[in-house]
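Q: Handing over coords20.cif, mmCIF, C-alpha atoms.
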```
data_my_file
#
loop_
_atom_site.label_atom_id
_atom_site.label_comp_id
_atom_site.auth_asym_id
_atom_site.auth_seq_id
_atom_site.Cartn_x
_atom_site.Cartn_y
_atom_site.Cartn_z
CA MET A 1 -27.37 -13.63 -17.16
CA ASP A 2 -29.64 -14.64 -14.30
CA PRO A 3 -29.72 -11.74 -11.75
CA LEU A 4 -29.27 -14.24 -8.92
CA LEU A 5 -26.08 -15.53 -10.53
CA ALA A 6 -24.81 -11.93 -10.94
CA VAL A 7 -25.33 -11.30 -7.23
CA ALA A 8 -23.62 -14.63 -6.45
CA VAL A 9 -20.57 -13.51 -8.49
CA LEU A 10 -20.49 -10.28 -6.47
CA ALA A 11 -20.72 -12.22 -3.21
CA GLY A 12 -17.84 -14.41 -4.41
CA LEU A 13 -15.73 -11.30 -5.02
CA VAL A 14 -16.45 -10.06 -1.49
CA VAL A 15 -15.30 -13.44 -0.11
CA VAL A 16 -12.10 -13.40 -2.21
CA ALA A 17 -11.27 -9.81 -1.20
CA THR A 18 -11.92 -10.62 2.48
CA ILE A 19 -9.62 -13.67 2.33
CA ILE A 20 -6.85 -11.59 0.67
CA GLY A 21 -7.27 -8.92 3.34
CA LEU A 22 -7.17 -11.41 6.22
CA ILE A 23 -4.07 -13.16 4.80
CA ALA A 24 -2.31 -9.80 4.35
CA ARG A 25 -3.24 -8.78 7.89
CA THR A 26 -1.98 -12.08 9.36
CA ARG A 27 1.34 -11.89 7.52
CA GLU A 28 2.06 -8.22 8.09
CA GLY A 29 4.65 -7.13 10.63
CA ARG A 30 5.79 -10.61 11.73
CA VAL A 31 9.42 -11.46 12.42
CA HIS A 32 11.16 -13.95 10.14
CA GLU A 33 14.49 -15.21 11.40
CA VAL A 34 17.11 -15.20 8.64
CA HIS A 35 19.42 -18.21 8.77
CA ARG A 36 21.27 -17.65 5.53
CA PHE A 37 24.46 -15.64 6.07
CA ARG A 38 24.34 -12.29 4.33
CA LYS A 39 26.49 -9.40 5.51
CA VAL A 40 25.48 -5.80 4.73
CA THR A 41 27.70 -2.72 4.65
CA PRO A 42 26.62 0.96 4.85
CA GLU A 43 28.40 1.56 1.52
CA GLU A 44 26.22 -1.07 -0.16
CA LEU A 45 23.16 0.91 0.92
CA ASP A 46 24.68 4.25 -0.09
CA LEU A 47 24.63 5.42 3.53
CA GLU A 48 26.96 7.79 5.32
CA GLN A 49 25.70 6.72 8.75
CA ARG A 50 27.46 3.91 10.58
CA PHE A 51 25.80 0.76 11.84
CA GLY A 52 25.06 0.17 15.52
CA SER A 53 27.63 -1.55 17.73
CA PHE A 54 25.07 -4.18 18.84
CA ALA A 55 22.36 -4.14 16.18
CA THR A 56 21.01 -2.05 13.30
CA LEU A 57 17.44 -1.56 12.10
CA VAL A 58 17.56 -1.09 8.32
CA GLN A 59 14.26 0.29 7.04
CA PHE A 60 13.42 0.22 3.32
CA SER A 61 10.95 2.95 2.35
CA SER A 62 9.47 4.30 -0.88
CA GLU A 63 7.77 7.43 -2.09
CA PHE A 64 4.19 6.10 -2.02
CA CYS A 65 4.06 4.23 1.26
CA ALA A 66 1.21 4.69 3.71
CA LYS A 67 2.91 3.03 6.70
CA CYS A 68 6.53 4.19 6.24
CA PRO A 69 6.31 7.39 8.35
CA ALA A 70 4.79 5.53 11.33
CA THR A 71 7.40 2.76 11.00
CA ARG A 72 10.19 5.34 10.82
CA ASP A 73 8.95 6.88 14.06
CA LEU A 74 8.72 3.49 15.77
CA LEU A 75 12.22 2.40 14.67
CA THR A 76 13.77 5.77 15.60
CA SER A 77 12.31 5.62 19.09
CA THR A 78 13.33 1.96 19.49
CA ALA A 79 16.89 2.78 18.44
CA SER A 80 17.12 5.74 20.80
CA ALA A 81 15.77 3.63 23.67
CA HIS A 82 18.47 0.94 23.16
CA PRO A 83 22.11 2.11 23.30
CA GLY A 84 24.17 0.49 20.57
CA VAL A 85 21.17 0.05 18.27
CA ALA A 86 21.07 2.26 15.18
CA HIS A 87 18.25 3.00 12.74
CA VAL A 88 18.91 3.72 9.07
CA ASP A 89 16.35 4.46 6.36
CA VAL A 90 16.91 3.49 2.72
CA ASP A 91 14.61 5.00 0.06
CA ILE A 92 14.37 2.44 -2.74
CA THR A 93 12.30 4.72 -5.02
CA HIS A 94 15.33 5.53 -7.15
CA ARG A 95 17.36 2.42 -6.31
CA PRO A 96 15.71 -0.64 -7.90
CA ASP A 97 19.12 -2.36 -7.68
CA ILE A 98 19.00 -2.23 -3.86
CA ALA A 99 15.35 -3.38 -3.86
CA ASN A 100 16.27 -6.34 -6.07
CA SER A 101 19.42 -7.15 -4.13
CA PHE A 102 17.45 -7.56 -0.88
CA ASN A 103 14.29 -8.89 -2.57
CA ILE A 104 12.09 -6.09 -1.19
CA MET A 105 8.48 -6.97 -2.05
CA GLN A 106 6.81 -4.27 0.03
CA THR A 107 7.59 -1.09 1.93
CA PRO A 108 8.23 -0.73 4.74
CA THR A 109 10.49 -3.78 5.09
CA THR A 110 12.87 -3.85 8.05
CA LEU A 111 16.08 -5.89 8.24
CA VAL A 112 17.57 -6.34 11.69
CA LEU A 113 21.35 -6.70 11.51
CA ASP A 114 23.52 -8.14 14.25
CA GLU A 115 26.73 -6.49 15.48
CA THR A 116 28.72 -7.83 12.50
CA GLY A 117 26.25 -6.36 10.01
CA ALA A 118 24.81 -9.76 9.08
CA ILE A 119 21.05 -10.03 8.57
CA ALA A 120 19.47 -11.71 11.62
CA ALA A 121 15.76 -11.09 11.01
CA ARG A 122 13.36 -9.55 8.53
CA ILE A 123 10.00 -7.83 9.14
CA GLY A 124 7.70 -7.20 6.15
CA GLY A 125 5.22 -4.34 6.56
CA ALA A 126 4.65 -2.17 9.63
CA PRO A 127 6.17 -4.10 12.59
CA ARG A 128 3.78 -5.46 15.23
CA PRO A 129 4.23 -4.03 18.76
CA ASP A 130 6.34 -6.96 20.03
CA ALA A 131 8.14 -7.64 16.72
CA LEU A 132 11.11 -5.36 17.30
CA THR A 133 11.92 -6.80 20.73
CA GLU A 134 11.71 -10.30 19.24
CA ALA A 135 13.93 -9.37 16.26
CA LEU A 136 16.51 -7.57 18.43
CA THR A 137 16.62 -10.61 20.73
CA ILE A 138 17.41 -12.80 17.72
CA ALA A 139 20.13 -10.37 16.58
CA LEU A 140 21.75 -10.15 20.03
CA ARG A 141 21.91 -13.88 20.76
CA ARG A 142 23.30 -14.95 17.38
CA ASP A 143 25.91 -17.64 17.61
CA HIS A 144 28.58 -16.76 15.08
CA ASP A 145 30.35 -20.09 15.40
CA LEU A 146 27.63 -21.38 13.10
CA TYR A 147 29.12 -19.51 10.22
CA VAL A 148 32.30 -20.14 8.34
CA ILE A 149 33.36 -16.63 7.44
CA MET K 1 11.94 12.10 17.14
CA THR K 2 13.15 11.06 20.57
CA SER K 3 9.71 10.15 21.91
CA THR K 4 9.57 6.59 23.15
CA SER K 5 5.87 6.13 22.39
CA SER K 6 4.32 6.77 19.02
CA LYS K 7 0.98 7.43 20.68
CA SER K 8 1.93 10.14 23.15
CA GLY K 9 4.65 11.93 21.23
CA THR K 10 4.74 13.39 17.79
CA ASN K 11 2.21 12.32 15.21
CA PRO K 12 3.68 9.15 13.62
CA LEU K 13 1.79 9.47 10.34
CA ALA K 14 2.39 13.19 9.89
CA ALA K 15 2.89 14.42 6.36
CA LYS K 16 6.36 15.52 5.34
CA PRO K 17 7.21 19.19 6.03
CA GLY K 18 5.78 21.45 3.36
CA THR K 19 2.76 19.23 2.67
CA THR K 20 -0.58 19.12 4.41
CA GLY K 21 -1.56 15.99 6.32
CA ILE K 22 -5.01 14.57 5.71
CA ASP K 23 -7.50 12.75 7.91
CA PRO K 24 -6.82 9.06 7.06
CA ARG K 25 -10.52 8.25 7.52
CA GLY K 26 -11.35 10.44 4.48
CA PRO K 27 -9.82 8.17 1.79
CA ARG K 28 -11.29 5.08 3.48
CA PHE K 29 -14.74 6.69 3.45
CA GLY K 30 -14.22 7.50 -0.25
CA ALA K 31 -13.10 3.92 -0.94
CA THR K 32 -16.36 2.69 0.64
CA ILE K 33 -18.43 4.78 -1.81
CA THR K 34 -16.24 3.48 -4.66
CA VAL K 35 -16.78 -0.12 -3.48
CA ILE K 36 -20.57 0.35 -3.59
CA LEU K 37 -20.46 1.97 -7.07
CA LEU K 38 -18.22 -0.81 -8.42
CA ALA K 39 -20.49 -3.50 -6.90
CA VAL K 40 -23.47 -1.94 -8.72
CA ASP K 41 -21.37 -1.74 -11.89
CA ILE K 42 -20.34 -5.43 -11.72
CA VAL K 43 -23.98 -6.54 -11.39
CA LEU K 44 -25.07 -4.17 -14.21
CA GLY K 45 -22.19 -5.47 -16.32
CA LEU K 46 -23.13 -9.12 -15.80
CA LEU K 47 -26.76 -8.34 -16.71
CA GLY K 48 -25.89 -6.06 -19.68
CA VAL K 49 -24.47 -6.40 -23.17
CA SER K 50 -20.80 -6.38 -22.09
CA VAL K 51 -20.87 -10.16 -21.47
CA THR K 52 -22.42 -11.01 -24.84
CA SER K 53 -21.06 -10.93 -28.34
CA PRO K 54 -21.37 -9.76 -31.02
CA THR K 55 -22.59 -6.28 -30.13
CA THR K 56 -22.51 -2.93 -31.91
CA LEU K 57 -20.47 0.00 -30.61
CA ALA K 58 -23.69 1.97 -29.96
CA GLN K 59 -25.04 -0.91 -27.83
CA ARG K 60 -21.81 -1.13 -25.82
CA VAL K 61 -21.51 2.63 -25.21
CA SER K 62 -25.15 2.96 -24.12
CA ASP K 63 -24.82 0.01 -21.70
CA PRO K 64 -25.55 1.30 -18.14
CA ALA K 65 -22.49 -0.60 -16.86
CA PHE K 66 -20.27 1.22 -19.39
CA ILE K 67 -21.67 4.64 -18.45
CA LEU K 68 -21.26 3.98 -14.71
CA LEU K 69 -17.68 2.68 -15.16
CA ALA K 70 -16.85 5.81 -17.20
CA VAL K 71 -18.19 7.98 -14.34
CA ILE K 72 -16.12 5.98 -11.80
CA ALA K 73 -13.01 6.38 -14.00
CA LEU K 74 -13.61 10.15 -14.23
CA ILE K 75 -13.81 10.36 -10.43
CA PHE K 76 -10.54 8.37 -10.17
CA ALA K 77 -8.98 10.81 -12.68
CA TRP K 78 -10.16 13.74 -10.57
CA GLY K 79 -8.56 12.22 -7.47
CA ALA K 80 -5.35 11.30 -9.31
CA PHE K 81 -4.75 14.65 -11.04
CA ALA K 82 -6.36 17.18 -8.66
CA GLY K 83 -5.02 15.24 -5.64
CA ILE K 84 -6.83 13.32 -2.92
CA THR K 85 -7.42 16.58 -0.98
CA ARG K 86 -9.75 17.84 -3.74
CA HIS K 87 -11.54 14.52 -4.26
CA PRO K 88 -15.37 14.76 -4.53
CA TRP K 89 -15.84 12.01 -1.89
CA GLY K 90 -13.49 14.04 0.31
CA PHE K 91 -15.87 17.00 0.08
CA ILE K 92 -18.80 14.79 1.13
CA TYR K 93 -16.68 13.44 4.01
CA LYS K 94 -15.73 16.95 5.14
CA LYS K 95 -19.29 18.35 4.93
CA LEU K 96 -21.37 15.42 6.19
CA VAL K 97 -19.27 12.80 8.00
CA ARG K 98 -16.34 14.57 9.65
CA PRO K 99 -18.50 17.00 11.76
CA ALA K 100 -20.10 13.97 13.45
CA LEU K 101 -16.72 12.41 14.32
CA LYS K 102 -14.01 13.23 16.84
CA ALA K 103 -10.87 14.95 15.62
CA PRO K 104 -8.49 12.50 13.93
CA THR K 105 -5.84 11.07 16.26
CA GLU K 106 -3.34 11.17 13.42
CA LEU K 107 -2.84 12.72 10.01
CA GLU K 108 -1.29 10.99 7.03
CA ASP K 109 0.65 11.87 3.90
CA PRO K 110 -1.75 12.56 0.98
CA LYS K 111 0.64 11.05 -1.61
CA PRO K 112 -0.10 7.31 -1.17
CA PRO K 113 -3.93 7.67 -1.48
CA THR K 114 -3.46 9.97 -4.49
CA PHE K 115 -1.29 7.29 -6.14
CA ALA K 116 -4.01 4.72 -5.35
CA GLN K 117 -6.45 6.89 -7.33
CA LEU K 118 -4.10 6.70 -10.32
CA ILE K 119 -4.01 2.89 -10.09
CA GLY K 120 -7.84 2.93 -9.96
CA LEU K 121 -7.91 5.13 -13.07
CA ILE K 122 -5.59 2.78 -14.97
CA VAL K 123 -7.59 -0.35 -14.04
CA THR K 124 -11.01 1.17 -14.87
CA GLY K 125 -9.49 2.78 -18.00
CA VAL K 126 -8.44 -0.68 -19.23
CA GLY K 127 -12.03 -1.85 -18.62
CA ILE K 128 -13.41 1.03 -20.69
CA ILE K 129 -11.02 0.31 -23.56
CA LEU K 130 -11.89 -3.42 -23.50
CA ALA K 131 -15.60 -2.53 -23.51
CA LEU K 132 -15.13 -0.11 -26.43
CA VAL K 133 -13.27 -2.77 -28.42
CA GLY K 134 -15.98 -5.27 -27.52
CA VAL K 135 -14.06 -7.88 -25.52
CA PRO K 136 -16.67 -9.96 -23.67
CA TYR K 137 -16.33 -9.77 -19.85
CA GLY K 138 -13.48 -7.18 -20.18
CA LEU K 139 -15.51 -4.50 -18.41
CA VAL K 140 -16.61 -6.84 -15.62
CA ILE K 141 -13.10 -8.21 -14.99
CA ALA K 142 -11.58 -4.71 -14.77
CA ALA K 143 -14.42 -3.55 -12.47
CA ALA K 144 -13.85 -6.66 -10.32
CA ALA K 145 -10.10 -5.91 -10.02
CA ALA K 146 -10.83 -2.32 -8.99
CA PHE K 147 -13.50 -3.62 -6.59
CA ILE K 148 -11.00 -5.88 -4.78
CA ALA K 149 -8.46 -3.03 -4.43
CA ALA K 150 -11.10 -0.57 -3.15
CA PHE K 151 -12.54 -3.22 -0.80
CA LEU K 152 -9.08 -3.89 0.72
CA ASN K 153 -8.62 -0.14 1.21
CA SER K 154 -12.08 0.41 2.69
CA VAL K 155 -12.33 -2.61 5.00
CA PHE K 156 -8.68 -3.35 5.89
CA GLY K 157 -7.02 0.04 5.32
CA TYR K 158 -4.65 -1.84 3.00
CA CYS K 159 -2.99 0.22 0.22
CA LEU K 160 -2.70 -2.19 -2.72
CA GLY K 161 -1.42 0.62 -4.97
CA CYS K 162 1.51 1.14 -2.56
CA GLN K 163 2.48 -2.55 -2.86
CA ILE K 164 2.24 -2.44 -6.65
CA TYR K 165 4.41 0.68 -6.64
CA VAL K 166 7.35 -1.23 -5.11
CA LEU K 167 7.04 -3.95 -7.76
CA LEU K 168 6.95 -1.31 -10.54
CA VAL K 169 10.10 0.31 -9.09
CA ARG K 170 11.82 -3.10 -9.09
CA ALA K 171 10.77 -3.72 -12.68
CA GLY K 172 12.42 -0.38 -13.57
CA ILE K 173 9.11 1.09 -14.80
CA LEU K 174 8.88 3.79 -12.11
CA GLY K 175 11.27 5.81 -10.01
CA ARG K 176 14.39 5.39 -12.12
CA ALA K 177 14.06 8.43 -14.41
CA THR K 178 14.23 11.07 -11.67
CA THR K 179 16.96 11.56 -9.14
CA ALA K 180 16.57 11.65 -5.39
#
```
Any chance you could put this one into structure tokens?
A:
Amino acid sequence: MDPLLAVAVLAGLVVVATIIGLIARTREGRVHEVHRFRKVTPEELDLEQRFGSFATLVQFSSEFCAKCPATRDLLTSTASAHPGVAHVDVDITHRPDIANSFNIMQTPTTLVLDETGAIAARIGGAPRPDALTEALTIALRRDHDLYVI
Amino acid sequence: MTSTSSKSGTNPLAAKPGTTGIDPRGPRFGATITVILLAVDIVLGLLGVSVTSPTTLAQRVSDPAFILLAVIALIFAWGAFAGITRHPWGFIYKKLVRPALKAPTELEDPKPPTFAQLIGLIVTGVGIILALVGVPYGLVIAAAAAFIAAFLNSVFGYCLGCQIYVLLVRAGILGRATTA
């Protein structure tokens, strides 16, 4: 092969890897409002803790997860700063059924539940600084008349 | 865990109790060396016998791209089995780079980067097997896959192995056999 072409292939790989990295960076930690009604119970997640009276931050973690400890710290401090907001951590390493049930594609993933335990918002990856405020706002202003329960 | 700011309070990326936290810049420095080696290997591979056929086994094994990929795979194996804290690039980082830098602002769990080494070993191992069997472009494609993963780690601090781990758990390949 022509050496110039070999170097061009390498340059192409650098471009592809950079695009993947930029897309991943843009998507990470953003809030996605969840409109579909899906209620979650602590029993379903194998938890003994109870959900918050206003909102709950459900974190999904795994064994090999670079950003889970930092996210855990952020969610714990957010929950303790807001009365009525609870933080729970679910390790999916040994629970593929839970990971499949909530379609967890990466860890950490955070679900923000409203006071009824219904999913209001979802954050994939380590949350951005303003993401939790945005997600909690969505959870707190949910209009339940929209749903036929 | 009652601190309201992750910056001023406890270290947010601290390793779990009983394990030693590592400087997160170490694995990223190592990934940069790996990126350079894989880039050289891809160019050597495209210029060598691994993209032509038919070739003899002796030709394929003596190909510089094959030898370099085998060395890279051995280094991945070292990192995966001895742990990221005993990685050869880690020694270079500790001796030459770290003294010139400020103390790390945070430490991280060594388990995710160690798992990433295992993923690197598997990908480069597949490349070596394909090269031994004589599949044209097999070596280059495996080296390119490892290159993208190492590049994402080095430049973006993105742990591709960690993402793959979740998908393997969901597929029931990992995590199910042991109990929490």
Q: Which centre and edge lengths in Å to one decimal define the box along x, y and z that fits every listed atom of range 76-88 of chain A plus 8 Å per side, as AutoDock Vina command-line options?
A:
```
--center_x 18.2 --center_y 2.9 --center_z 16.4 --size_x 27.9 --size_y 21.7 --size_z 30.6
```
Q: What's the separation between CA of Val35 in chain K and CA of Tyr158 in chain K, in Å to one decimal place?
A: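 That distance, rounded to one decimal, is 13.9 Å.
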Q: Can you list every residue of range 58-91 of chain K that has an atom at most 7 Å from range 41-54 of chain K, with its nearest atom pair and the distance in Å to one decimal, using all atoms listed in the file, ordered by chain then number, as a Markdown table?
A:
```
| residue | atom | partner | partner_atom | distance |
| --- | --- | --- | --- | --- |
| K:Arg60 | CA | K:Val49 | CA | 6.5 |
| K:Asp63 | CA | K:Gly48 | CA | 6.5 |
| K:Pro64 | CA | K:Leu44 | CA | 6.8 |
| K:Ala65 | CA | K:Gly45 | CA | 4.9 |
| K:Leu68 | CA | K:Asp41 | CA | 6.4 |
| K:Leu69 | CA | K:Asp41 | CA | 6.6 |
```
Q: Taking (24.7, -4.1, 16.9) in the file's coordinates as the center, which residues reach within 10 Å of it, counting only C-alpha atoms, put as a CSV table (one decimal) with C-alpha atoms, in the coordinates of the input?
A:
```
chain,number,residue,atom,x,y,z
A,51,PHE,CA,25.8,0.8,11.8
A,52,GLY,CA,25.1,0.2,15.5
A,53,SER,CA,27.6,-1.6,17.7
A,54,PHE,CA,25.1,-4.2,18.8
A,55,ALA,CA,22.4,-4.1,16.2
A,56,THR,CA,21.0,-2.0,13.3
A,57,LEU,CA,17.4,-1.6,12.1
A,83,PRO,CA,22.1,2.1,23.3
A,84,GLY,CA,24.2,0.5,20.6
A,85,VAL,CA,21.2,0.0,18.3
A,86,ALA,CA,21.1,2.3,15.2
A,112,VAL,CA,17.6,-6.3,11.7
A,113,LEU,CA,21.4,-6.7,11.5
A,114,ASP,CA,23.5,-8.1,14.2
A,115,GLU,CA,26.7,-6.5,15.5
A,116,THR,CA,28.7,-7.8,12.5
A,117,GLY,CA,26.2,-6.4,10.0
A,118,ALA,CA,24.8,-9.8,9.1
A,136,LEU,CA,16.5,-7.6,18.4
A,139,ALA,CA,20.1,-10.4,16.6
A,140,LEU,CA,21.8,-10.2,20.0
```
Q: Give me the chain A side of the contact with chain K, cut-off 9 Å, one line per residue showing its nearest atom pair and distance in Å at one decimal, counting all atoms listed in the file, sorted by chain and residue number, as JSON lines.
A:
```
{"residue": "A:Met1", "atom": "CA", "partner": "K:Leu47", "partner_atom": "CA", "distance": 5.3}
{"residue": "A:Asp2", "atom": "CA", "partner": "K:Leu47", "partner_atom": "CA", "distance": 7.3}
{"residue": "A:Pro3", "atom": "CA", "partner": "K:Leu47", "partner_atom": "CA", "distance": 6.7}
{"residue": "A:Leu5", "atom": "CA", "partner": "K:Leu46", "partner_atom": "CA", "distance": 8.8}
{"residue": "A:Ala6", "atom": "CA", "partner": "K:Val43", "partner_atom": "CA", "distance": 5.5}
{"residue": "A:Val7", "atom": "CA", "partner": "K:Val43", "partner_atom": "CA", "distance": 6.5}
{"residue": "A:Val9", "atom": "CA", "partner": "K:Val43", "partner_atom": "CA", "distance": 8.3}
{"residue": "A:Leu10", "atom": "CA", "partner": "K:Ala39", "partner_atom": "CA", "distance": 6.8}
{"residue": "A:Leu13", "atom": "CA", "partner": "K:Ile148", "partner_atom": "CA", "distance": 7.2}
{"residue": "A:Val14", "atom": "CA", "partner": "K:Ile148", "partner_atom": "CA", "distance": 7.6}
{"residue": "A:Val16", "atom": "CA", "partner": "K:Ile148", "partner_atom": "CA", "distance": 8.0}
{"residue": "A:Ala17", "atom": "CA", "partner": "K:Ile148", "partner_atom": "CA", "distance": 5.3}
{"residue": "A:Thr18", "atom": "CA", "partner": "K:Leu152", "partner_atom": "CA", "distance": 7.5}
{"residue": "A:Ile20", "atom": "CA", "partner": "K:Leu152", "partner_atom": "CA", "distance": 8.0}
{"residue": "A:Gly21", "atom": "CA", "partner": "K:Leu152", "partner_atom": "CA", "distance": 6.0}
{"residue": "A:Leu22", "atom": "CA", "partner": "K:Phe156", "partner_atom": "CA", "distance": 8.2}
{"residue": "A:Ala24", "atom": "CA", "partner": "K:Tyr158", "partner_atom": "CA", "distance": 8.4}
{"residue": "A:Arg25", "atom": "CA", "partner": "K:Phe156", "partner_atom": "CA", "distance": 7.9}
{"residue": "A:Ser62", "atom": "CA", "partner": "K:Val166", "partner_atom": "CA", "distance": 7.3}
{"residue": "A:Glu63", "atom": "CA", "partner": "K:Pro112", "partner_atom": "CA", "distance": 7.9}
{"residue": "A:Phe64", "atom": "CA", "partner": "K:Pro112", "partner_atom": "CA", "distance": 4.5}
{"residue": "A:Cys65", "atom": "CA", "partner": "K:Cys162", "partner_atom": "CA", "distance": 5.5}
{"residue": "A:Ala66", "atom": "CA", "partner": "K:Pro112", "partner_atom": "CA", "distance": 5.7}
{"residue": "A:Lys67", "atom": "CA", "partner": "K:Leu13", "partner_atom": "CA", "distance": 7.5}
{"residue": "A:Cys68", "atom": "CA", "partner": "K:Leu13", "partner_atom": "CA", "distance": 8.2}
{"residue": "A:Pro69", "atom": "CA", "partner": "K:Leu13", "partner_atom": "CA", "distance": 5.4}
{"residue": "A:Ala70", "atom": "CA", "partner": "K:Pro12", "partner_atom": "CA", "distance": 4.4}
{"residue": "A:Thr71", "atom": "CA", "partner": "K:Pro12", "partner_atom": "CA", "distance": 7.8}
{"residue": "A:Arg72", "atom": "CA", "partner": "K:Pro12", "partner_atom": "CA", "distance": 8.0}
{"residue": "A:Asp73", "atom": "CA", "partner": "K:Pro12", "partner_atom": "CA", "distance": 5.8}
{"residue": "A:Leu74", "atom": "CA", "partner": "K:Ser6", "partner_atom": "CA", "distance": 6.4}
{"residue": "A:Thr76", "atom": "CA", "partner": "K:Met1", "partner_atom": "CA", "distance": 6.8}
{"residue": "A:Ser77", "atom": "CA", "partner": "K:Thr4", "partner_atom": "CA", "distance": 5.0}
{"residue": "A:Thr78", "atom": "CA", "partner": "K:Thr4", "partner_atom": "CA", "distance": 7.0}
{"residue": "A:Ser80", "atom": "CA", "partner": "K:Thr2", "partner_atom": "CA", "distance": 6.6}
{"residue": "A:Ala81", "atom": "CA", "partner": "K:Thr4", "partner_atom": "CA", "distance": 6.9}
{"residue": "A:Asp91", "atom": "CA", "partner": "K:Ala180", "partner_atom": "CA", "distance": 8.8}
{"residue": "A:Ile92", "atom": "CA", "partner": "K:Val169", "partner_atom": "CA", "distance": 7.9}
{"residue": "A:Thr93", "atom": "CA", "partner": "K:Gly175", "partner_atom": "CA", "distance": 5.2}
{"residue": "A:His94", "atom": "CA", "partner": "K:Gly175", "partner_atom": "CA", "distance": 5.0}
{"residue": "A:Arg95", "atom": "CA", "partner": "K:Arg176", "partner_atom": "CA", "distance": 7.2}
{"residue": "A:Pro96", "atom": "CA", "partner": "K:Arg170", "partner_atom": "CA", "distance": 4.8}
{"residue": "A:Asp97", "atom": "CA", "partner": "K:Arg170", "partner_atom": "CA", "distance": 7.5}
{"residue": "A:Ile98", "atom": "CA", "partner": "K:Arg170", "partner_atom": "CA", "distance": 8.9}
{"residue": "A:Ala99", "atom": "CA", "partner": "K:Arg170", "partner_atom": "CA", "distance": 6.3}
{"residue": "A:Asn100", "atom": "CA", "partner": "K:Arg170", "partner_atom": "CA", "distance": 6.3}
{"residue": "A:Ile104", "atom": "CA", "partner": "K:Val166", "partner_atom": "CA", "distance": 7.8}
{"residue": "A:Met105", "atom": "CA", "partner": "K:Val166", "partner_atom": "CA", "distance": 6.6}
{"residue": "A:Gln106", "atom": "CA", "partner": "K:Gln163", "partner_atom": "CA", "distance": 5.5}
{"residue": "A:Thr107", "atom": "CA", "partner": "K:Val166", "partner_atom": "CA", "distance": 7.0}
```
Q: CA of Glu33 in chain A and CA of Thr133 in chain A are how many Å apart?
A: 12.8 Å
Q: Nearest to Glu28 in chain A: which of A:Arg141, A:Pro129, A:Gly124, A:Ile119 is it, counting only C-alpha atoms?
A: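 Nearest to Glu28 in chain A: A:Gly124.
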Q: Report, in Å with one decimal, the straight-line distance from CA of Leu121 in chain K to CA of Val71 in chain K.
A: 10.7 Å
Q: Which residue out of K:Ile67, K:Gly26, K:Leu160, K:Ile128 has the minimum interatomic distance to Lys95 in chain K when all atoms listed in the file are used?
A: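 Result for the nearest residue to Lys95 in chain K: K:Gly26.
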Q: For the structure provided, state which residues fall under the PyMOL selection byres ((chain K and resi 81-86) around 9), and present them as a ChimeraX atom specification.
A: /K:22,27,76-80,87-91,110-111,113-115,117-118
Q: I need the residue set behind the PyMOL selection byres ((chain K and resi 124) around 9) for this file; please write it as a list in words.
A: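 That selection, the PyMOL selection byres ((chain K and resi 124) around 9), comes back as Leu69, Ala70, Ile72, Ala73, Phe76, Ile119, Gly120, Leu121, Ile122, Val123, Gly125, Val126, Gly127, Ile128, Ile129, Leu139, Ala142, Ala143, Ala145 and Ala146 of chain K.
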Q: Can I get the selected residues back with C-alpha atoms, as an mmCIF file, keeping the file's coordinate frame?
A:
```cif
data_model
loop_
_atom_site.group_PDB
_atom_site.id
_atom_site.type_symbol
_atom_site.label_atom_id
_atom_site.label_comp_id
_atom_site.auth_asym_id
_atom_site.auth_seq_id
_atom_site.Cartn_x
_atom_site.Cartn_y
_atom_site.Cartn_z
ATOM 1 C CA LEU K 69 -17.680 2.680 -15.160
ATOM 2 C CA ALA K 70 -16.850 5.810 -17.200
ATOM 3 C CA ILE K 72 -16.120 5.980 -11.800
ATOM 4 C CA ALA K 73 -13.010 6.380 -14.000
ATOM 5 C CA PHE K 76 -10.540 8.370 -10.170
ATOM 6 C CA ILE K 119 -4.010 2.890 -10.090
ATOM 7 C CA GLY K 120 -7.840 2.930 -9.960
ATOM 8 C CA LEU K 121 -7.910 5.130 -13.070
ATOM 9 C CA ILE K 122 -5.590 2.780 -14.970
ATOM 10 C CA VAL K 123 -7.590 -0.350 -14.040
ATOM 11 C CA GLY K 125 -9.490 2.780 -18.000
ATOM 12 C CA VAL K 126 -8.440 -0.680 -19.230
ATOM 13 C CA GLY K 127 -12.030 -1.850 -18.620
ATOM 14 C CA ILE K 128 -13.410 1.030 -20.690
ATOM 15 C CA ILE K 129 -11.020 0.310 -23.560
ATOM 16 C CA LEU K 139 -15.510 -4.500 -18.410
ATOM 17 C CA ALA K 142 -11.580 -4.710 -14.770
ATOM 18 C CA ALA K 143 -14.420 -3.550 -12.470
ATOM 19 C CA ALA K 145 -10.100 -5.910 -10.020
ATOM 20 C CA ALA K 146 -10.830 -2.320 -8.990
#
```
Q: Counting only C-alpha atoms, find the residues whose atoms lie at most 10 Å from (-15.6, 6.6, 9.1) (file coordinates) and write them out as a ChimeraX atom specification.
A: /K:24-30,32,93,97-98,100-101,154
